[in-house]
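**Q** The following file, data-v6.cif, comprises mmCIF, C-alpha atoms:
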data_coords
#
loop_
_atom_site.group_PDB
_atom_site.id
_atom_site.type_symbol
_atom_site.label_atom_id
_atom_site.label_comp_id
_atom_site.auth_asym_id
_atom_site.auth_seq_id
_atom_site.Cartn_x
_atom_site.Cartn_y
_atom_site.Cartn_z
ATOM 1 C CA MET Y 136 37.514 -39.477 0.288
ATOM 2 C CA SER Y 137 39.585 -37.731 2.972
ATOM 3 C CA ASP Y 138 39.839 -38.778 6.618
ATOM 4 C CA VAL Y 139 37.541 -37.053 9.084
ATOM 5 C CA THR Y 140 39.260 -34.164 10.837
ATOM 6 C CA PRO Y 141 39.697 -34.679 14.614
ATOM 7 C CA TRP Y 142 37.558 -32.396 16.762
ATOM 8 C CA SER Y 143 40.618 -30.614 18.116
ATOM 9 C CA GLU Y 144 41.677 -29.688 14.573
ATOM 10 C CA VAL Y 145 38.132 -28.665 13.681
ATOM 11 C CA LEU Y 146 38.185 -26.169 16.537
ATOM 12 C CA GLU Y 147 41.576 -24.889 15.403
ATOM 13 C CA LEU Y 148 40.130 -24.314 11.927
ATOM 14 C CA VAL Y 149 36.903 -22.589 12.932
ATOM 15 C CA ARG Y 150 38.283 -20.388 15.709
ATOM 16 C CA PRO Y 151 40.236 -17.974 13.456
ATOM 17 C CA ALA Y 152 37.523 -18.257 10.807
ATOM 18 C CA THR Y 153 34.951 -17.064 13.352
ATOM 19 C CA VAL Y 154 37.136 -14.094 14.257
ATOM 20 C CA GLU Y 155 37.540 -13.264 10.561
ATOM 21 C CA THR Y 156 33.781 -13.400 10.025
ATOM 22 C CA LEU Y 157 33.142 -11.083 12.981
ATOM 23 C CA TYR Y 158 35.839 -8.729 11.676
ATOM 24 C CA MET Y 159 34.277 -8.597 8.209
ATOM 25 C CA VAL Y 160 30.729 -8.136 9.491
ATOM 26 C CA LEU Y 161 31.502 -5.499 12.131
ATOM 27 C CA MET Y 162 33.790 -3.416 9.918
ATOM 28 C CA SER Y 163 31.399 -3.455 6.965
ATOM 29 C CA THR Y 164 28.474 -2.670 9.298
ATOM 30 C CA LEU Y 165 30.401 0.349 10.610
ATOM 31 C CA VAL Y 166 31.029 1.607 7.073
ATOM 32 C CA GLY Y 167 27.438 0.844 6.134
ATOM 33 C CA VAL Y 168 26.062 2.881 9.043
ATOM 34 C CA VAL Y 169 28.454 5.794 8.509
ATOM 35 C CA GLY Y 170 27.614 5.924 4.806
ATOM 36 C CA GLY Y 171 24.017 4.745 4.888
ATOM 37 C CA LEU Y 172 22.708 6.949 7.704
ATOM 38 C CA PRO Y 173 23.244 10.315 5.949
ATOM 39 C CA LEU Y 174 22.082 8.809 2.655
ATOM 40 C CA GLY Y 175 18.924 7.537 4.333
ATOM 41 C CA VAL Y 176 18.311 10.918 5.958
ATOM 42 C CA TRP Y 177 18.775 12.583 2.561
ATOM 43 C CA LEU Y 178 16.311 10.152 1.020
ATOM 44 C CA HIS Y 179 13.729 10.998 3.651
ATOM 45 C CA MET Y 180 14.320 14.752 3.533
ATOM 46 C CA THR Y 181 13.774 14.874 -0.232
ATOM 47 C CA SER Y 182 10.682 12.637 -0.139
ATOM 48 C CA PRO Y 183 7.156 14.083 -0.429
ATOM 49 C CA VAL Y 184 6.780 13.888 3.372
ATOM 50 C CA GLY Y 185 10.261 15.253 4.082
ATOM 51 C CA LEU Y 186 11.276 18.734 5.211
ATOM 52 C CA THR Y 187 12.717 19.631 1.798
ATOM 53 C CA PRO Y 188 10.677 17.737 -0.815
ATOM 54 C CA LYS Y 189 12.537 17.352 -4.092
ATOM 55 C CA PRO Y 190 10.707 14.722 -6.163
ATOM 56 C CA LEU Y 191 13.272 14.411 -8.964
ATOM 57 C CA LEU Y 192 16.270 14.130 -6.634
ATOM 58 C CA HIS Y 193 14.333 11.703 -4.443
ATOM 59 C CA ARG Y 194 13.563 9.456 -7.404
ATOM 60 C CA VAL Y 195 17.197 9.512 -8.546
ATOM 61 C CA LEU Y 196 18.514 8.690 -5.061
ATOM 62 C CA GLY Y 197 15.878 6.000 -4.599
ATOM 63 C CA ALA Y 198 16.744 4.426 -7.944
ATOM 64 C CA ILE Y 199 20.458 4.346 -7.112
ATOM 65 C CA VAL Y 200 19.793 2.788 -3.705
ATOM 66 C CA ASP Y 201 17.328 0.211 -4.995
ATOM 67 C CA VAL Y 202 19.386 -0.798 -8.044
ATOM 68 C CA THR Y 203 22.498 -1.264 -5.905
ATOM 69 C CA ARG Y 204 20.532 -3.305 -3.369
ATOM 70 C CA SER Y 205 19.131 -5.515 -6.126
ATOM 71 C CA ILE Y 206 22.548 -6.650 -7.380
ATOM 72 C CA PRO Y 207 23.204 -10.219 -6.195
ATOM 73 C CA PHE Y 208 26.130 -10.160 -3.789
ATOM 74 C CA VAL Y 209 28.100 -12.809 -5.663
ATOM 75 C CA VAL Y 210 27.878 -10.629 -8.782
ATOM 76 C CA LEU Y 211 28.886 -7.559 -6.757
ATOM 77 C CA LEU Y 212 31.981 -9.404 -5.540
ATOM 78 C CA VAL Y 213 33.118 -9.873 -9.120
ATOM 79 C CA VAL Y 214 32.111 -6.413 -10.350
ATOM 80 C CA VAL Y 215 34.063 -4.525 -7.657
ATOM 81 C CA GLY Y 216 37.076 -6.828 -7.835
ATOM 82 C CA SER Y 217 39.240 -4.153 -9.471
ATOM 83 C CA LEU Y 218 38.212 -1.545 -6.911
ATOM 84 C CA THR Y 219 38.942 -3.993 -4.102
ATOM 85 C CA ARG Y 220 42.392 -4.681 -5.509
ATOM 86 C CA LEU Y 221 43.045 -0.940 -5.842
ATOM 87 C CA LEU Y 222 41.985 -0.139 -2.265
ATOM 88 C CA MET Y 223 43.276 -3.204 -0.431
ATOM 89 C CA GLY Y 224 46.132 -4.352 -2.686
ATOM 90 C CA GLN Y 225 44.456 -7.738 -3.184
ATOM 91 C CA ALA Y 226 41.078 -9.149 -4.136
ATOM 92 C CA PHE Y 227 41.103 -12.104 -1.730
ATOM 93 C CA GLY Y 228 40.982 -12.498 2.035
ATOM 94 C CA SER Y 229 38.870 -11.141 4.863
ATOM 95 C CA SER Y 230 40.124 -7.555 4.593
ATOM 96 C CA ALA Y 231 39.470 -7.460 0.851
ATOM 97 C CA ALA Y 232 35.938 -8.787 1.378
ATOM 98 C CA ILE Y 233 35.093 -5.713 3.458
ATOM 99 C CA VAL Y 234 34.985 -3.556 0.306
ATOM 100 C CA PRO Y 235 32.074 -5.339 -1.439
ATOM 101 C CA LEU Y 236 30.404 -5.974 1.920
ATOM 102 C CA ALA Y 237 30.502 -2.252 2.736
ATOM 103 C CA ILE Y 238 29.235 -1.336 -0.741
ATOM 104 C CA ALA Y 239 26.308 -3.691 -0.197
ATOM 105 C CA ALA Y 240 25.694 -2.399 3.341
ATOM 106 C CA VAL Y 241 25.456 1.323 2.534
ATOM 107 C CA PRO Y 242 22.312 1.282 0.331
ATOM 108 C CA PHE Y 243 20.803 -1.491 2.453
ATOM 109 C CA PHE Y 244 21.073 0.569 5.643
ATOM 110 C CA ALA Y 245 20.099 3.761 3.811
ATOM 111 C CA ARG Y 246 16.748 2.278 2.793
ATOM 112 C CA LEU Y 247 16.125 0.984 6.327
ATOM 113 C CA THR Y 248 16.976 4.426 7.718
ATOM 114 C CA SER Y 249 14.590 6.134 5.320
ATOM 115 C CA ASN Y 250 11.811 3.740 6.301
ATOM 116 C CA ALA Y 251 12.496 4.289 10.015
ATOM 117 C CA LEU Y 252 12.358 8.076 9.682
ATOM 118 C CA ARG Y 253 9.129 7.875 7.711
ATOM 119 C CA GLU Y 254 7.465 6.220 10.724
ATOM 120 C CA VAL Y 255 8.189 9.183 13.016
ATOM 121 C CA ASP Y 256 4.973 10.928 14.045
ATOM 122 C CA SER Y 257 4.496 13.890 11.688
ATOM 123 C CA ALA Y 258 2.844 15.891 14.489
ATOM 124 C CA ILE Y 259 6.118 15.895 16.427
ATOM 125 C CA VAL Y 260 8.020 17.123 13.384
ATOM 126 C CA GLU Y 261 5.419 19.823 12.709
ATOM 127 C CA ALA Y 262 5.638 20.969 16.319
ATOM 128 C CA ALA Y 263 9.405 21.344 15.968
ATOM 129 C CA VAL Y 264 8.960 23.310 12.743
ATOM 130 C CA THR Y 265 6.521 25.739 14.396
ATOM 131 C CA THR Y 266 9.077 26.519 17.110
ATOM 132 C CA GLY Y 267 11.439 27.775 14.408
ATOM 133 C CA ALA Y 268 13.986 24.990 14.783
ATOM 134 C CA GLY Y 269 16.407 24.599 11.869
ATOM 135 C CA LYS Y 270 16.400 21.560 9.614
ATOM 136 C CA PHE Y 271 19.638 20.149 11.045
ATOM 137 C CA ARG Y 272 18.299 20.476 14.593
ATOM 138 C CA ILE Y 273 15.022 18.807 13.632
ATOM 139 C CA VAL Y 274 16.875 15.929 11.994
ATOM 140 C CA TRP Y 275 19.186 15.447 14.984
ATOM 141 C CA THR Y 276 16.857 16.075 17.925
ATOM 142 C CA VAL Y 277 13.536 14.927 16.487
ATOM 143 C CA LEU Y 278 13.819 12.512 13.562
ATOM 144 C CA LEU Y 279 16.895 10.553 14.634
ATOM 145 C CA SER Y 280 15.962 10.767 18.305
ATOM 146 C CA GLU Y 281 12.431 9.464 17.785
ATOM 147 C CA ALA Y 282 13.604 6.757 15.384
ATOM 148 C CA ARG Y 283 16.616 5.581 17.371
ATOM 149 C CA ALA Y 284 15.036 2.290 18.449
ATOM 150 C CA ALA Y 285 14.122 1.498 14.843
ATOM 151 C CA LEU Y 286 17.617 2.498 13.749
ATOM 152 C CA VAL Y 287 19.162 0.102 16.252
ATOM 153 C CA GLY Y 288 16.955 -2.606 14.805
ATOM 154 C CA ALA Y 289 18.098 -1.586 11.329
ATOM 155 C CA VAL Y 290 21.713 -2.052 12.392
ATOM 156 C CA GLY Y 291 20.826 -5.548 13.572
ATOM 157 C CA VAL Y 292 19.086 -6.415 10.309
ATOM 158 C CA THR Y 293 22.098 -5.127 8.391
ATOM 159 C CA MET Y 294 24.495 -7.269 10.428
ATOM 160 C CA LEU Y 295 22.375 -10.370 9.886
ATOM 161 C CA ALA Y 296 22.350 -9.753 6.136
ATOM 162 C CA LEU Y 297 26.107 -9.210 6.155
ATOM 163 C CA ILE Y 298 26.696 -12.535 7.911
ATOM 164 C CA GLY Y 299 25.070 -14.219 4.917
ATOM 165 C CA TYR Y 300 27.027 -12.053 2.489
ATOM 166 C CA ALA Y 301 30.284 -12.788 4.330
ATOM 167 C CA ALA Y 302 29.577 -16.512 4.004
ATOM 168 C CA MET Y 303 29.030 -16.033 0.253
ATOM 169 C CA ALA Y 304 32.363 -14.232 0.033
ATOM 170 C CA GLY Y 305 33.974 -17.500 1.123
ATOM 171 C CA ALA Y 306 32.941 -18.944 -2.239
ATOM 172 C CA ILE Y 307 35.729 -16.935 -3.874
ATOM 173 C CA ALA Y 308 38.238 -17.121 -1.025
ATOM 174 C CA GLY Y 309 36.891 -14.210 0.970
ATOM 175 C CA GLY Y 310 37.916 -15.833 4.247
ATOM 176 C CA GLY Y 311 35.904 -16.519 7.366
ATOM 177 C CA LEU Y 312 33.514 -19.330 8.163
ATOM 178 C CA GLY Y 313 32.147 -19.369 4.624
ATOM 179 C CA ALA Y 314 35.563 -20.179 3.188
ATOM 180 C CA THR Y 315 36.176 -22.784 5.892
ATOM 181 C CA ALA Y 316 32.830 -24.446 5.226
ATOM 182 C CA ILE Y 317 33.456 -24.614 1.477
ATOM 183 C CA LEU Y 318 37.204 -25.258 1.237
ATOM 184 C CA ASP Y 319 37.870 -27.348 4.353
ATOM 185 C CA GLY Y 320 34.406 -28.856 4.673
ATOM 186 C CA TYR Y 321 32.498 -29.329 1.426
ATOM 187 C CA ASN Y 322 35.446 -29.603 -0.981
ATOM 188 C CA ALA Y 323 37.379 -31.858 1.414
ATOM 189 C CA TYR Y 324 34.316 -34.070 2.062
ATOM 190 C CA ASP Y 325 34.631 -33.299 5.771
ATOM 191 C CA ASP Y 326 31.161 -33.131 7.309
ATOM 192 C CA ARG Y 327 32.468 -32.110 10.724
ATOM 193 C CA VAL Y 328 34.104 -28.945 9.464
ATOM 194 C CA LEU Y 329 31.154 -28.181 7.191
ATOM 195 C CA TYR Y 330 28.445 -28.578 9.824
ATOM 196 C CA VAL Y 331 30.376 -26.877 12.612
ATOM 197 C CA SER Y 332 30.995 -23.875 10.328
ATOM 198 C CA VAL Y 333 27.315 -23.684 9.420
ATOM 199 C CA VAL Y 334 26.248 -23.974 13.058
ATOM 200 C CA LEU Y 335 28.655 -21.226 14.080
ATOM 201 C CA LEU Y 336 27.252 -18.938 11.388
ATOM 202 C CA GLY Y 337 23.809 -19.545 12.859
ATOM 203 C CA VAL Y 338 25.077 -18.923 16.389
ATOM 204 C CA LEU Y 339 26.658 -15.643 15.312
ATOM 205 C CA ALA Y 340 23.400 -14.525 13.707
ATOM 206 C CA TRP Y 341 21.420 -15.559 16.784
ATOM 207 C CA GLY Y 342 23.836 -13.796 19.144
ATOM 208 C CA MET Y 343 23.761 -10.575 17.133
ATOM 209 C CA GLN Y 344 19.968 -10.669 17.083
ATOM 210 C CA LEU Y 345 19.862 -11.085 20.868
ATOM 211 C CA VAL Y 346 22.213 -8.141 21.391
ATOM 212 C CA THR Y 347 20.253 -5.981 18.967
ATOM 213 C CA ASP Y 348 16.939 -6.824 20.656
ATOM 214 C CA TRP Y 349 18.398 -6.018 24.078
ATOM 215 C CA VAL Y 350 19.776 -2.642 22.926
ATOM 216 C CA THR Y 351 16.478 -1.820 21.187
ATOM 217 C CA LYS Y 352 14.511 -2.491 24.386
ATOM 218 C CA LEU Y 353 17.008 -0.443 26.396
ATOM 219 C CA VAL Y 354 16.654 2.493 23.997
ATOM 220 C CA ASP Y 355 12.852 2.185 24.118
ATOM 221 C CA ARG Y 356 12.851 2.265 27.924
ATOM 222 C CA ARG Y 357 15.063 5.356 28.028
ATOM 223 C CA ARG Y 358 12.881 7.054 25.430
ATOM 224 C CA ALA Y 359 9.760 6.279 27.479
ATOM 225 C CA ALA Y 360 11.421 7.603 30.655
ATOM 226 C CA THR Y 361 12.435 10.802 28.847
ATOM 227 C CA ASN Y 362 8.917 11.412 27.563
ATOM 228 C CA VAL Y 363 7.295 10.947 30.977
#
Do you think you could lay out the structure here as structure tokens?
**A**
Amino acid sequence: MSDVTPWSEVLELVRPATVETLYMVLMSTLVGVVGGLPLGVWLHMTSPVGLTPKPLLHRVLGAIVDVTRSIPFVVLLVVVGSLTRLLMGQAFGSSAAIVPLAIAAVPFFARLTSNALREVDSAIVEAAVTTGAGKFRIVWTVLLSEARAALVGAVGVTMLALIGYAAMAGAIAGGGLGATAILDGYNAYDDRVLYVSVVLLGVLAWGMQLVTDWVTKLVDRRRAATNV
């Protein structure tokens, strides 16, 4: 059984690991939003309540999104290993972990986006249609505008999910707090490193939730002021 790591060394271990985790989560969230937002809009537009209903296309898109979301992340890490190596030049490390994290984030955020747009009051959309507004304008100024608070919340939910996924990536040397908890904590029988890593993962999730809630309330207040 190894000696317990001094607190000063524990902090030296978890500090860069925390930065790596934030890097992985924020970068994959960015890719997830950029890729998932248009996919989610497309899902909604082709749905029975969308502006351009296309049942067959909607079912195909929905199946792709749902099947991808249902793949366990640990399995996804292995499946996209070759793609990760092709894009990043390696299959290990925090940068390499962004590839499977982003692939997981895109369909996840797309489904949340579709659900958020579905909650927009249909009367508002119908009013925009009667004014002769084009589909792109309706999507931008009505659907996304009315759903922006829900979309901010969707970003927060996506980040929280990605924190858990990023920790799983540490199981196969993905870097970050997950790798520190497993390699330097659990495998080294060092409870200090293990528990501090776990606590920091919880703190990161809590902090991101606080920020997301604050931004959501801010967006809601501005929306209410605009509608007055």
**Q** Quick one: pull the distance between atom CA of Y:Val290 and atom CA of Y:Glu254, Å, one decimal.
**A** 16.6 Å
**Q** To test your reading of the syntax: which residues would the PyMOL selection byres ((chain Y and resi 292) around 12) return for the file shown? Reply as a ChimeraX atom specification.
**A** /Y:160,164,167-168,240,243-244,246-248,285-291,293-299,340-341,343-348
**Q** Keeping only C-alpha atoms, write the selected residues as an mmCIF file, in the frame of the given file.
**A**
data_model
loop_
_atom_site.group_PDB
_atom_site.id
_atom_site.type_symbol
_atom_site.label_atom_id
_atom_site.label_comp_id
_atom_site.auth_asym_id
_atom_site.auth_seq_id
_atom_site.Cartn_x
_atom_site.Cartn_y
_atom_site.Cartn_z
ATOM 1 C CA VAL Y 160 30.729 -8.136 9.491
ATOM 2 C CA THR Y 164 28.474 -2.670 9.298
ATOM 3 C CA GLY Y 167 27.438 0.844 6.134
ATOM 4 C CA VAL Y 168 26.062 2.881 9.043
ATOM 5 C CA ALA Y 240 25.694 -2.399 3.341
ATOM 6 C CA PHE Y 243 20.803 -1.491 2.453
ATOM 7 C CA PHE Y 244 21.073 0.569 5.643
ATOM 8 C CA ARG Y 246 16.748 2.278 2.793
ATOM 9 C CA LEU Y 247 16.125 0.984 6.327
ATOM 10 C CA THR Y 248 16.976 4.426 7.718
ATOM 11 C CA ALA Y 285 14.122 1.498 14.843
ATOM 12 C CA LEU Y 286 17.617 2.498 13.749
ATOM 13 C CA VAL Y 287 19.162 0.102 16.252
ATOM 14 C CA GLY Y 288 16.955 -2.606 14.805
ATOM 15 C CA ALA Y 289 18.098 -1.586 11.329
ATOM 16 C CA VAL Y 290 21.713 -2.052 12.392
ATOM 17 C CA GLY Y 291 20.826 -5.548 13.572
ATOM 18 C CA THR Y 293 22.098 -5.127 8.391
ATOM 19 C CA MET Y 294 24.495 -7.269 10.428
ATOM 20 C CA LEU Y 295 22.375 -10.370 9.886
ATOM 21 C CA ALA Y 296 22.350 -9.753 6.136
ATOM 22 C CA LEU Y 297 26.107 -9.210 6.155
ATOM 23 C CA ILE Y 298 26.696 -12.535 7.911
ATOM 24 C CA GLY Y 299 25.070 -14.219 4.917
ATOM 25 C CA ALA Y 340 23.400 -14.525 13.707
ATOM 26 C CA TRP Y 341 21.420 -15.559 16.784
ATOM 27 C CA MET Y 343 23.761 -10.575 17.133
ATOM 28 C CA GLN Y 344 19.968 -10.669 17.083
ATOM 29 C CA LEU Y 345 19.862 -11.085 20.868
ATOM 30 C CA VAL Y 346 22.213 -8.141 21.391
ATOM 31 C CA THR Y 347 20.253 -5.981 18.967
ATOM 32 C CA ASP Y 348 16.939 -6.824 20.656
#
**Q** Y:Ser143, Y:Thr219, Y:Ser182, Y:Thr276: which is nearest Y:Arg194, counting only C-alpha atoms?
**A**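 For Y:Arg194, the nearest of the candidates is Y:Ser182.
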**Q** From the list Y:Gly310, Y:Gly305, Y:Gly269, Y:Pro242, which residue is nearest Y:Thr187 when using only C-alpha atoms?
**A** Y:Gly269
**Q** Decode the PyMOL selection byres ((chain Y and resi 281) around 10) for the given file into explicit residues and return them as number ranges by chain.
**A** Y: 251-252, 254-256, 259-260, 274-280, 282-286, 355, 358
**Q** Could those residues be written to a file, using C-alpha atoms, as a PDB file, in the coordinates of the input?
**A**
ATOM      1  CA  ALA Y 251      12.496   4.289  10.015  1.00  0.00           C
ATOM      2  CA  LEU Y 252      12.358   8.076   9.682  1.00  0.00           C
ATOM      3  CA  GLU Y 254       7.465   6.220  10.724  1.00  0.00           C
ATOM      4  CA  VAL Y 255       8.189   9.183  13.016  1.00  0.00           C
ATOM      5  CA  ASP Y 256       4.973  10.928  14.045  1.00  0.00           C
ATOM      6  CA  ILE Y 259       6.118  15.895  16.427  1.00  0.00           C
ATOM      7  CA  VAL Y 260       8.020  17.123  13.384  1.00  0.00           C
ATOM      8  CA  VAL Y 274      16.875  15.929  11.994  1.00  0.00           C
ATOM      9  CA  TRP Y 275      19.186  15.447  14.984  1.00  0.00           C
ATOM     10  CA  THR Y 276      16.857  16.075  17.925  1.00  0.00           C
ATOM     11  CA  VAL Y 277      13.536  14.927  16.487  1.00  0.00           C
ATOM     12  CA  LEU Y 278      13.819  12.512  13.562  1.00  0.00           C
ATOM     13  CA  LEU Y 279      16.895  10.553  14.634  1.00  0.00           C
ATOM     14  CA  SER Y 280      15.962  10.767  18.305  1.00  0.00           C
ATOM     15  CA  ALA Y 282      13.604   6.757  15.384  1.00  0.00           C
ATOM     16  CA  ARG Y 283      16.616   5.581  17.371  1.00  0.00           C
ATOM     17  CA  ALA Y 284      15.036   2.290  18.449  1.00  0.00           C
ATOM     18  CA  ALA Y 285      14.122   1.498  14.843  1.00  0.00           C
ATOM     19  CA  LEU Y 286      17.617   2.498  13.749  1.00  0.00           C
ATOM     20  CA  ASP Y 355      12.852   2.185  24.118  1.00  0.00           C
ATOM     21  CA  ARG Y 358      12.881   7.054  25.430  1.00  0.00           C
TER      22      ARG Y 358
END
**Q** As an exercise, work out the distance from atom CA of Y:Gly185 to atom CA of Y:Asp201 in Å and give it to one decimal place.
**A**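 The value is 18.9 Å.
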**Q** Measuring between only C-alpha atoms, which one of Y:Ala304, Y:Val328, Y:Val166, Y:Met159 shows the shortest distance to Y:Ala245?
**A** Y:Val166
**Q** Considering all atoms listed in the file, can you say which of Y:Gly175, Y:Gly342, Y:Pro183, Y:Pro151 comes closest to Y:Val241?
**A**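 So, comparing all the options, the nearest one is Y:Gly175.
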**Q** Would you mind reading off the distance between atom CA of Y:Asn322 and atom CA of Y:Ala306, one decimal, in Å?
**A**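 Between atom CA of Y:Asn322 and atom CA of Y:Ala306 the gap works out to 11.0 Å.
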**Q** Identify which of the residues Y:Thr140, Y:Ser205, Y:Ser229, Y:Ser249 lies closest to Y:Thr181, counting only C-alpha atoms when measuring atom-to-atom distances.
**A** Y:Ser249
**Q** Using the chain letters and residue numbers of this document, give as a list in words the residues selected by the PyMOL selection byres ((chain Y and resi 145) around 12).
**A**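 The output of the PyMOL selection byres ((chain Y and resi 145) around 12) on this file is Val139, Thr140, Pro141, Trp142, Ser143, Glu144, Leu146, Glu147, Leu148, Val149, Arg150, Pro151, Ala152, Leu312, Thr315, Ala316, Asp319, Gly320, Asp325, Asp326, Arg327, Val328, Leu329, Tyr330, Val331 and Ser332 of chain Y.
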**Q** Smallest atom-to-atom distance to Y:Leu222: which of Y:Ile273, Y:Val234, Y:Val334, Y:Leu165, using only C-alpha atoms?
**A**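 Closest to Y:Leu222 of all the choices is Y:Val234.
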**Q** Report as number ranges by chain all protein, DNA and RNA residues lying within 6 Å of stretch 230-233 of chain Y, evaluated on all atoms listed in the file, omitting residues in the same chain fewer than 6 positions from it.
**A** Y: 159, 163, 223, 309
**Q** Supply stretch 237-244 of chain Y as a short mmCIF file (atom, residue, chain, number, x, y, z; two decimals), keeping the file's coordinate frame, with all heavy atoms built in where the input has gaps.
**A**
data_model
loop_
_atom_site.label_atom_id
_atom_site.label_comp_id
_atom_site.auth_asym_id
_atom_site.auth_seq_id
_atom_site.Cartn_x
_atom_site.Cartn_y
_atom_site.Cartn_z
N ALA Y 237 30.86 -3.63 2.39
CA ALA Y 237 30.50 -2.25 2.74
C ALA Y 237 29.66 -1.61 1.64
O ALA Y 237 28.70 -0.88 1.93
CB ALA Y 237 31.77 -1.42 2.98
N ILE Y 238 30.01 -1.88 0.38
CA ILE Y 238 29.24 -1.34 -0.74
C ILE Y 238 27.81 -1.87 -0.70
O ILE Y 238 26.85 -1.14 -1.00
CB ILE Y 238 29.92 -1.67 -2.08
CG1 ILE Y 238 31.24 -0.91 -2.19
CG2 ILE Y 238 29.01 -1.34 -3.26
CD1 ILE Y 238 32.06 -1.27 -3.42
N ALA Y 239 27.65 -3.12 -0.32
CA ALA Y 239 26.31 -3.69 -0.20
C ALA Y 239 25.58 -3.13 1.02
O ALA Y 239 24.35 -2.97 1.00
CB ALA Y 239 26.41 -5.22 -0.10
N ALA Y 240 26.32 -2.83 2.09
CA ALA Y 240 25.69 -2.40 3.34
C ALA Y 240 25.16 -0.98 3.27
O ALA Y 240 24.13 -0.67 3.88
CB ALA Y 240 26.70 -2.52 4.49
N VAL Y 241 25.85 -0.10 2.55
CA VAL Y 241 25.46 1.32 2.53
C VAL Y 241 24.03 1.53 2.01
O VAL Y 241 23.19 2.12 2.70
CB VAL Y 241 26.47 2.17 1.74
CG1 VAL Y 241 25.93 3.57 1.50
CG2 VAL Y 241 27.80 2.25 2.50
N PRO Y 242 23.70 1.08 0.80
CA PRO Y 242 22.31 1.28 0.33
C PRO Y 242 21.28 0.49 1.13
O PRO Y 242 20.14 0.92 1.29
CB PRO Y 242 22.36 0.82 -1.13
CG PRO Y 242 23.51 -0.12 -1.20
CD PRO Y 242 24.51 0.42 -0.23
N PHE Y 243 21.70 -0.67 1.64
CA PHE Y 243 20.80 -1.49 2.45
C PHE Y 243 20.39 -0.72 3.71
O PHE Y 243 19.20 -0.60 4.02
CB PHE Y 243 21.51 -2.80 2.82
CG PHE Y 243 20.63 -3.81 3.50
CD1 PHE Y 243 19.91 -4.73 2.76
CD2 PHE Y 243 20.53 -3.85 4.88
CE1 PHE Y 243 19.09 -5.67 3.39
CE2 PHE Y 243 19.72 -4.78 5.52
CZ PHE Y 243 19.01 -5.69 4.76
N PHE Y 244 21.38 -0.17 4.41
CA PHE Y 244 21.07 0.57 5.64
C PHE Y 244 20.39 1.89 5.33
O PHE Y 244 19.56 2.37 6.12
CB PHE Y 244 22.35 0.81 6.45
CG PHE Y 244 22.11 1.37 7.81
CD1 PHE Y 244 21.60 0.58 8.82
CD2 PHE Y 244 22.35 2.71 8.08
CE1 PHE Y 244 21.34 1.11 10.08
CE2 PHE Y 244 22.10 3.25 9.33
CZ PHE Y 244 21.60 2.45 10.34
#
